[in-house]
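Asks: I have a structure here, written as structure tokens, and I will follow up with some questions on it.
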Amino acid sequence: MLRAALRGVIANKVRLVLTALAIVIGVAFVAASFIFTDTINARFETLITDISAGVDVYVRPIPPETGNDLVEFGSIPDEILAQVQAVPGVRVAEGAVAGYAQFVGADGDPVGGLGPPTLGFSWQTADELRAMTIAPDNGRAPTGPGEVVSDVATAERAEFGLGDTVTILTLGPPEQFEVVGLANFGSEDNLAGATTAAFELEEARRLFDLEGSYIEISVAAQEGVDAETLATDIDAATGGEFDVKTTEAANADQLSEIGEALGFLNTALLAFAAVAVFVGAFIIANTFRIIVAQRTRELALLRAIGATGGQVTRLVVIEALVVAVIASSIGVLAGIALALLLAALMNAIGFNLPEGPLTIAPRTVIIAMTVGVVVTVVAALLPARKAAKIPPVAAMHEELARTGRKPLRRRAAAGAVVSAGGVGLLLFGLFGSVANPLLLVGIGALVTFLGISILAPLAARPVASTLGWPLPLLFNTTGLLAKENTARQPRRTASTASALMIGVALVVFVAIFAASIKSTIKESIFDNFRADLNASSTNFQIGISPTFAEELAALDEFDTVSSLVFDTASLEEGGTDIIVVDPLLAEEVVNLDPSPGAFAALASADGVVVSSAELEDNGWVVGDTIVMGFPKEPETQMEILGSFGNDDFGQYILNRDFYNTVYDNPFDSLVLATVAPGVDISEARVAADTIAEPYANVQIQNKDELVADLEAQIDTLLQLIFALLFLAIIIAILGITNTLALSIIERTREIGLLRAVGMTRRQTRRMVRWEGVIIALFGAVMGTGIGLFLGWAVVLALADEGLGSFTIPWGQIAVLVVASGVAGVVASIYPAWTASRMNVLDAIAYE
Amino acid sequence: MLEDTAVNGAAARMRNGVKIYGEGTATVRALDGISAEFASGRFTAIMGPSGSGKSTLLHTLAGLDNLTEGTVHIGDTELGSLKDRELTILRREKVGFIFQAYNLIPTLNAEENITLPLSIAGNEPDEAWFNEVVTAVGLEDRLDHRPAELSGGEQQRVAAARALVTRPDIVFADEPSGNLDSKAEAELLAFMRRAVDEFSQTIVMVTHDPIAASYADRIVFLDDGDTVDEMVDPTVDSILEKMKHLGE
Ligand SMILES: Nc1ncnc2c1ncn2[C@@H]1O[C@H](COP(=O)(O)OP(=O)(O)O)[C@@H](O)[C@H]1O
Ligand SMILES: [Mg+2]
């Protein structure tokens, strides 16, 4: 049996190669996502271990449970350092501060900030405690005001060197510093793509507004002192007020944070792997179905000479297994290449990964191989079972080989049940309250695809006829034949089209989702903002320095200048988004739809204004008191002073003065300004730009620009997703090529006959080409339908989250459908060529 | 050399035709320097033992395959110099085919199959001629049936109608009745005979069945890739006699 199976593989090598490609791509994504994540983890582990090598214990503030943790470091009072140093077993302990510091390049633009963070910290004097080291020729440590040490990579990137003067943005106005040293992190010339600036301690404290405190104390133990014990002693000595951890534990925390931050990448890769594998499964099933059909006689002969049905099934399954193992192995190799590509991509967009080898864990190989093999074999199982049903007499009479087809009514019922199940899961995931809605929605979508693909053969004949109706008019018999050919094998046409359907449905869904977000953004910006100009930060980890709003307000061109802060606070049931306003001015610049008197009350008393929806959900009324948690005040009694209607930005509004007492964040998220009466808006804009000039991270936009900017960000993401989905479409195109090529072989006689009675090669190619186009369009039409439904359901489900308007990007969909048609043409190039080269005499060879 | 151009001009002729299949030691000389002419308006049968080169002769005459050496003419056109496209158009316009089986396109109905060569060329069928041919093969009420719904005899008659519908210069048939029962065979051959008598059609038919061959005006006997004998106005008996002779 094995030998017969191997022969089968060799005999069908071309079609199996095409099939295998689908498996290779799927497996490659699975492997790449694991390799990539493992590699990042391993490299960061090396880096972090490397730079913390001399430290045994870290003392840090207990992290606040709320608040923007990139800004809120919390702090350790000065005197704690002495307490730590006094603990027996401590050899050396030194405090450090850190904060936001961003270099400004020679061109006036800030360096970095859109991806990895822009870090500033104090230079520790104890060599063993410090992460940074300065190579002998690279200058010296910062020892006083006006001096900075940068990492080597940032200096190269921003084109400054030792002795140069650079501008650095921190909390206050931009300042000039002399570059006195260039440092490395262990063996790396940068810290994972971050820009780093180190200052002398007191200078750093001034810049980061941390006078008299530290944000971290690092400790090295005396010889022979156990880190664990020392940590316990230090914790006791400091009264349990701080987060005291051994380096090992602290590093583990940090690694898991990095892991979480990159987790989305892993999820995204695995999602695409799932799509690729799923689409691949269709193509595999289809190929084996055709192979079995073509080998009916051969398989029947095996049965006639005594092979059992089970043996025939096994024969086909073994063939699938051989293909699966080969393709999955190649897939794993391709996955390694893909992981390298991803790493290069990350570096290209500024997230510098530390150097190091790829981590290929045994479990990666095992999982990837298992996915490839199991999917292939399962997909081949159905055709294999069918092969067992071929009666031995089919060896003599081809006509008898047409084994009983599943009655259409049963197919319709099965398809309807599966589709309904899929849609049900999907809707339940979207609208029911479940723990992991995303997974449920994903599975629901897959099951829906499956159900539709079961139903698709029923639609194949009418849809193919409809799509193909102009063909006979345009191309006569060639067109008629193309149309008829797609309708004659509805199962094959449908399952080939189904692969494309999935890719198209996902693209349509994503396009709708993006279009809906865009139009929601646009509506909400025009609804929400009353200000003429809007200043925001180009660095997402840091807001706008408070001095900017002051300077802007001093200008005559502006009437009202008011800023907003977006942050988070904790409630009993978890975190929530808060909006921080100046209650007296907010109404001038932003439309939050407050209840009458709400903002006046907020201006005169410490309390909170809560959205009407939130009040209703919790059964609260104005005047109630609720408990809220802030970084500096974990449990605060807050009186509800009023309500507001527009909760696009958050559910709770705080007064800025109160906020400043319970948060450590001086930055504004947005500065909004209305132009004074009689002042030309473009004139005011020029004035504002002049003010903004030194604040390198501040950008000023009017509403239209704001919309365009946000749309552009969405488009970038969209392109990335499209690029990946494009792979699924490529797999589907391979599937069309495969199916067409196989049916050309099946129709050797017929095509030979057509050629004999006068069909030219060009006409033959045209016939096959239109067949491919119809199949592709069939898939595109089904996919568009499902994509529209998915998009509609998801947008509806997210209406609560503020995704207000369901927008169908008809233009994009039209392009997609046309592109699918073109894909059909591309997919049929090779089969059309084979058909036109077919030997006429093969048609009439009759044994 | 066998010549039969006394009555009319030659519709097709081959000179010194050699066809070699395969390479090296495995070569087969399917046609071995054969020369033959087929007169216009005549029904010629080609007979010979299995493997004698009958099909090869037909295929090379019809422009379905090319000769290794020698020349073929259809009317005044020499086939060797034609490109694929020109050959295709020549087959479409000047030649008709009836094969032993698999003559029809399963997705097209009988009418569409009959008019296939015309519609491929983008031409409208001549209504009167189409009706005449369809009536002659007795398929008037079968026109909207697909091949799967037709009997073997009906299928071959559709093929025959298709071969005639373009009014080709010559029709080639390779054992057209080989798969038919005797009644269906008789109907098909009677139609072919009438096509020659009433429409002056030229037909060249390969067969190894003496009864089929007896419908022809002339028989050419082949062996080992060359003509070995011929016979005019044959009867079943005279054919059997001749075959016995040749077999010795
Ligand atoms: N495509 C081919 N390749 C190799 N040999 C062939 C091919 N077609 C025919 N032959 C050989 O050429 C000879 C003549 O074949 P053919 O013309 O089919 O004979 P007939 O039709 O008289 O039975 C035979 O020996 C046959 O085996
Ligand atoms: Mg033959």
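Here's how to read the names in the structure tokens: chain A, B, ... by the order shown, residue numbers from 1 in each chain, ligand numbers from 1 in the order shown.
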Which residues sit within 9 Å of ligand 2, counting only C-alpha atoms and all ligand atoms, listed as a list of chain:residue names?

Replies: A:Ala845, A:Tyr846, B:Ser50, B:Gly51, B:Ser52, B:Gly53, B:Lys54, B:Ser55, B:Thr56, B:Asp174, B:Glu175, B:Val206, B:Thr207

Asks: Taking only C-alpha atoms into account, which residues of chain B are within 8 Å of chain A, as a ChimeraX atom specification?

Replies: /B:59,64-65,85,88-93,96-97,99-105,107-108,116-117,119-122

Asks: Just the residues within 10 Å of Leu180 of chain B, please, counting only C-alpha atoms, with nothing from its chain fewer than 6 positions along; format it as number ranges by chain.

Replies: B: 100-101, 151-154, 156, 186, 188

Asks: Counting only C-alpha atoms, which residue out of A:Gly444, A:Pro88, A:Gly181, A:Gly468 sits closest to Pro136 of chain A?

Replies: A:Gly181

Asks: Show which residues sit within 6 Å of segment 617-631 of chain A, as a list in words. Count only C-alpha atoms, and ignore same-chain residues fewer than 3 positions away.

Replies: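 Once the adjacent positions are removed, what remains is Pro64, Thr66, Ala569, Ser570, Leu571, Glu614, Pro634, Glu635, Thr636, Gln637, Met638, Glu639, Ile640, Leu641, Gly642, Val662 and Tyr663 of chain A.
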
Asks: Kindly save the residues from that selection, with C-alpha atoms included, as a short mmCIF file (atom, residue, chain, number, x, y, z; two decimals), in the first residue's frame.

Replies:
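Resulting contents of again_20.cif:
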```cif
data_model
loop_
_atom_site.label_atom_id
_atom_site.label_comp_id
_atom_site.auth_asym_id
_atom_site.auth_seq_id
_atom_site.Cartn_x
_atom_site.Cartn_y
_atom_site.Cartn_z
CA PRO A 64 -0.23 52.47 41.22
CA THR A 66 -4.45 53.13 37.95
CA ALA A 569 -9.04 55.69 37.28
CA SER A 570 -10.21 52.64 39.15
CA LEU A 571 -13.71 51.81 40.25
CA GLU A 614 -23.08 55.03 33.43
CA PRO A 634 -6.54 54.70 46.33
CA GLU A 635 -10.00 55.16 47.86
CA THR A 636 -11.66 58.53 47.46
CA GLN A 637 -15.27 59.36 48.21
CA MET A 638 -16.53 61.26 45.20
CA GLU A 639 -19.83 63.04 45.04
CA ILE A 640 -21.66 62.87 41.71
CA LEU A 641 -22.13 66.51 40.84
CA GLY A 642 -23.90 66.13 37.54
CA VAL A 662 -4.27 62.89 42.97
CA TYR A 663 -2.21 62.20 39.86
#
```

Asks: Give the strand (DSSP E or B) residues of segment 225-458 of chain A, as assigned by DSSP on the backbone, as a PDB file with N, CA, C and O atoms, in the first residue's frame.

Replies:
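As written to disk, result-v1.pdb reads:
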```
ATOM      1  N   PHE A 242       7.487  49.607  49.987  1.00  0.00           N
ATOM      2  CA  PHE A 242       7.973  49.609  48.603  1.00  0.00           C
ATOM      3  C   PHE A 242       7.975  48.210  48.010  1.00  0.00           C
ATOM      4  O   PHE A 242       7.818  47.214  48.712  1.00  0.00           O
ATOM      5  N   ASP A 243       8.152  48.223  46.724  1.00  0.00           N
ATOM      6  CA  ASP A 243       8.181  46.974  45.981  1.00  0.00           C
ATOM      7  C   ASP A 243       9.635  46.503  45.945  1.00  0.00           C
ATOM      8  O   ASP A 243      10.422  47.000  45.141  1.00  0.00           O
ATOM      9  N   VAL A 244       9.975  45.573  46.839  1.00  0.00           N
ATOM     10  CA  VAL A 244      11.367  45.111  46.910  1.00  0.00           C
ATOM     11  C   VAL A 244      11.451  43.740  46.248  1.00  0.00           C
ATOM     12  O   VAL A 244      10.765  42.807  46.666  1.00  0.00           O
ATOM     13  N   LYS A 245      12.261  43.648  45.209  1.00  0.00           N
ATOM     14  CA  LYS A 245      12.337  42.380  44.465  1.00  0.00           C
ATOM     15  C   LYS A 245      13.774  42.029  44.174  1.00  0.00           C
ATOM     16  O   LYS A 245      14.612  42.905  43.961  1.00  0.00           O
ATOM     17  N   THR A 246      14.052  40.724  44.122  1.00  0.00           N
ATOM     18  CA  THR A 246      15.355  40.313  43.635  1.00  0.00           C
ATOM     19  C   THR A 246      15.404  40.629  42.148  1.00  0.00           C
ATOM     20  O   THR A 246      14.377  40.749  41.484  1.00  0.00           O
TER      21      THR A 246
END
```

Asks: Would you give me, as a list in words, the residues in segment 66-125 of chain B that DSSP reads as helix (DSSP H, G or I)?

Replies: Leu79, Gly80, Ser81, Asp84, Arg85, Glu86, Leu87, Thr88, Ile89, Leu90, Arg91, Arg92, Glu93, Lys94, Ala110, Glu111, Glu112, Asn113, Ile114, Leu116, Pro117, Leu118, Ser119, Ile120 and Ala121 of chain B

Asks: Identify, on the basis of only C-alpha atoms, every residue whose closest approach to segment 198-204 of chain B does not exceed 7 Å; exclude the query and any residue fewer than 2 positions from it along the same chain; express the result as a short mmCIF file (atom, residue, chain, number, x, y, z; two decimals) with all heavy atoms, in the first residue's frame.

Replies:
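Full text of selection07.cif as output:
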```cif
data_model
loop_
_atom_site.label_atom_id
_atom_site.label_comp_id
_atom_site.auth_asym_id
_atom_site.auth_seq_id
_atom_site.Cartn_x
_atom_site.Cartn_y
_atom_site.Cartn_z
N SER B 40 -12.80 13.63 -55.24
CA SER B 40 -13.94 14.42 -54.82
C SER B 40 -15.23 13.68 -55.11
O SER B 40 -15.36 13.01 -56.14
CB SER B 40 -13.92 15.73 -55.60
OG SER B 40 -14.09 16.79 -54.74
N GLY B 41 -16.20 13.79 -54.19
CA GLY B 41 -17.52 13.21 -54.43
C GLY B 41 -17.54 11.69 -54.35
O GLY B 41 -18.51 11.06 -54.75
N ARG B 42 -16.52 11.11 -53.80
CA ARG B 42 -16.48 9.65 -53.69
C ARG B 42 -16.40 9.23 -52.23
O ARG B 42 -15.95 9.97 -51.38
CB ARG B 42 -15.24 9.07 -54.43
CG ARG B 42 -15.13 9.44 -55.88
CD ARG B 42 -16.16 8.71 -56.75
NE ARG B 42 -16.05 7.28 -56.74
CZ ARG B 42 -15.32 6.55 -57.60
NH1 ARG B 42 -14.64 7.17 -58.56
NH2 ARG B 42 -15.30 5.24 -57.53
N PHE B 43 -16.85 8.01 -51.95
CA PHE B 43 -16.83 7.42 -50.62
C PHE B 43 -15.74 6.35 -50.63
O PHE B 43 -15.89 5.33 -51.28
CB PHE B 43 -18.21 6.81 -50.34
CG PHE B 43 -18.43 6.33 -48.91
CD1 PHE B 43 -19.72 5.99 -48.50
CD2 PHE B 43 -17.39 6.23 -47.99
CE1 PHE B 43 -19.95 5.55 -47.20
CE2 PHE B 43 -17.63 5.80 -46.70
CZ PHE B 43 -18.91 5.45 -46.29
N THR B 44 -14.63 6.62 -49.94
CA THR B 44 -13.52 5.68 -49.93
C THR B 44 -13.40 5.05 -48.55
O THR B 44 -13.49 5.75 -47.54
CB THR B 44 -12.18 6.39 -50.25
OG1 THR B 44 -12.37 7.19 -51.41
CG2 THR B 44 -11.07 5.39 -50.47
N ALA B 45 -13.21 3.74 -48.53
CA ALA B 45 -12.95 3.06 -47.27
C ALA B 45 -11.48 2.66 -47.22
O ALA B 45 -10.88 2.34 -48.25
CB ALA B 45 -13.83 1.83 -47.13
N ASP B 169 -14.82 20.16 -47.67
CA ASP B 169 -14.33 19.54 -48.90
C ASP B 169 -14.23 18.04 -48.74
O ASP B 169 -14.35 17.29 -49.68
CB ASP B 169 -12.93 20.09 -49.24
CG ASP B 169 -13.01 21.55 -49.64
OD1 ASP B 169 -14.15 22.06 -49.71
OD2 ASP B 169 -11.95 22.15 -49.85
N ILE B 170 -13.97 17.63 -47.48
CA ILE B 170 -13.77 16.20 -47.26
C ILE B 170 -14.13 15.86 -45.82
O ILE B 170 -13.91 16.66 -44.92
CB ILE B 170 -12.30 15.80 -47.60
CG1 ILE B 170 -12.11 14.28 -47.55
CG2 ILE B 170 -11.31 16.48 -46.67
CD1 ILE B 170 -10.83 13.82 -48.26
N VAL B 171 -14.72 14.67 -45.62
CA VAL B 171 -15.05 14.20 -44.28
C VAL B 171 -14.22 12.97 -43.98
O VAL B 171 -14.14 12.06 -44.81
CB VAL B 171 -16.55 13.85 -44.16
CG1 VAL B 171 -16.83 13.15 -42.83
CG2 VAL B 171 -17.41 15.08 -44.32
N PHE B 172 -13.55 12.97 -42.81
CA PHE B 172 -12.79 11.80 -42.39
C PHE B 172 -13.52 11.11 -41.24
O PHE B 172 -13.98 11.76 -40.31
CB PHE B 172 -11.39 12.20 -41.92
CG PHE B 172 -10.54 12.73 -43.04
CD1 PHE B 172 -10.30 14.08 -43.17
CD2 PHE B 172 -9.97 11.85 -43.95
CE1 PHE B 172 -9.52 14.57 -44.19
CE2 PHE B 172 -9.18 12.34 -44.99
CZ PHE B 172 -8.95 13.70 -45.12
N ALA B 173 -13.63 9.80 -41.36
CA ALA B 173 -14.32 9.05 -40.31
C ALA B 173 -13.45 7.86 -39.92
O ALA B 173 -13.02 7.10 -40.78
CB ALA B 173 -15.68 8.58 -40.80
N ARG B 194 -25.80 8.44 -48.50
CA ARG B 194 -26.67 9.45 -49.11
C ARG B 194 -25.96 10.79 -49.23
O ARG B 194 -26.17 11.53 -50.18
CB ARG B 194 -27.92 9.64 -48.23
CG ARG B 194 -29.05 8.70 -48.59
CD ARG B 194 -30.25 8.93 -47.70
NE ARG B 194 -30.76 10.30 -47.80
CZ ARG B 194 -31.53 10.87 -46.86
NH1 ARG B 194 -31.84 10.21 -45.77
NH2 ARG B 194 -31.97 12.11 -47.04
N ALA B 195 -25.11 11.08 -48.24
CA ALA B 195 -24.37 12.35 -48.28
C ALA B 195 -23.50 12.40 -49.54
O ALA B 195 -23.37 13.44 -50.18
CB ALA B 195 -23.50 12.50 -47.04
N VAL B 196 -22.94 11.25 -49.90
CA VAL B 196 -22.09 11.21 -51.09
C VAL B 196 -22.98 11.30 -52.34
O VAL B 196 -22.71 12.10 -53.25
CB VAL B 196 -21.25 9.92 -51.11
CG1 VAL B 196 -20.49 9.81 -52.42
CG2 VAL B 196 -20.31 9.89 -49.92
N VAL B 206 -12.19 4.94 -42.27
CA VAL B 206 -11.40 3.77 -41.85
C VAL B 206 -12.35 2.75 -41.24
O VAL B 206 -13.23 3.12 -40.46
CB VAL B 206 -10.33 4.18 -40.82
CG1 VAL B 206 -9.77 2.95 -40.10
CG2 VAL B 206 -9.22 4.97 -41.48
#
```

Asks: I want to know what sits within 10 Å of Phe278 of chain A, based on only C-alpha atoms, with residues of the same chain fewer than 5 positions away left out; could you give that as a PyMOL selection string?

Replies: chain A and resi 22-23+26+272-273+283-284+375+379+446+449-450+499+502+728

Asks: Ranking B:Leu240, B:Thr166, B:Ala161, B:Lys183 by minimum distance to His208 of chain B and counting only C-alpha atoms, which one comes first?

Replies: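 Using only C-alpha atoms, the shortest distance to His208 of chain B belongs to B:Leu240.
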
Asks: One number please: atom CA of Ala163 of chain B to atom CA of Met192 of chain B, in Å, one decimal.

Replies: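 For atom CA of Ala163 of chain B relative to atom CA of Met192 of chain B, the distance reads 10.4 Å.
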
Asks: Considering only C-alpha atoms, return as a ChimeraX atom specification whatever protein or nucleic-acid residues lie within 7 Å of segment 166-170 of chain A, sequence-local ones (same chain, fewer than 4 positions apart) excluded.

Replies: /A:100-104,174-178,207

Asks: Have a look at B:Gly138, B:Gly80, B:Pro210, B:Pro147 and name the one nearest to Thr60 of chain B; count only C-alpha atoms.

Replies: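 Smallest distance to Thr60 of chain B is found for B:Gly80.
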
Asks: Which distance in Å separates atom CA of Met14 of chain B and atom CA of Thr27 of chain B, to one decimal?

Replies: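 Between these atoms lies a distance of 21.7 Å.
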
Asks: Between B:Asn66, B:Thr71, B:Asn131, B:Asn113, single out the one closest to ligand 1, counting only C-alpha atoms and all ligand atoms.

Replies: B:Asn66
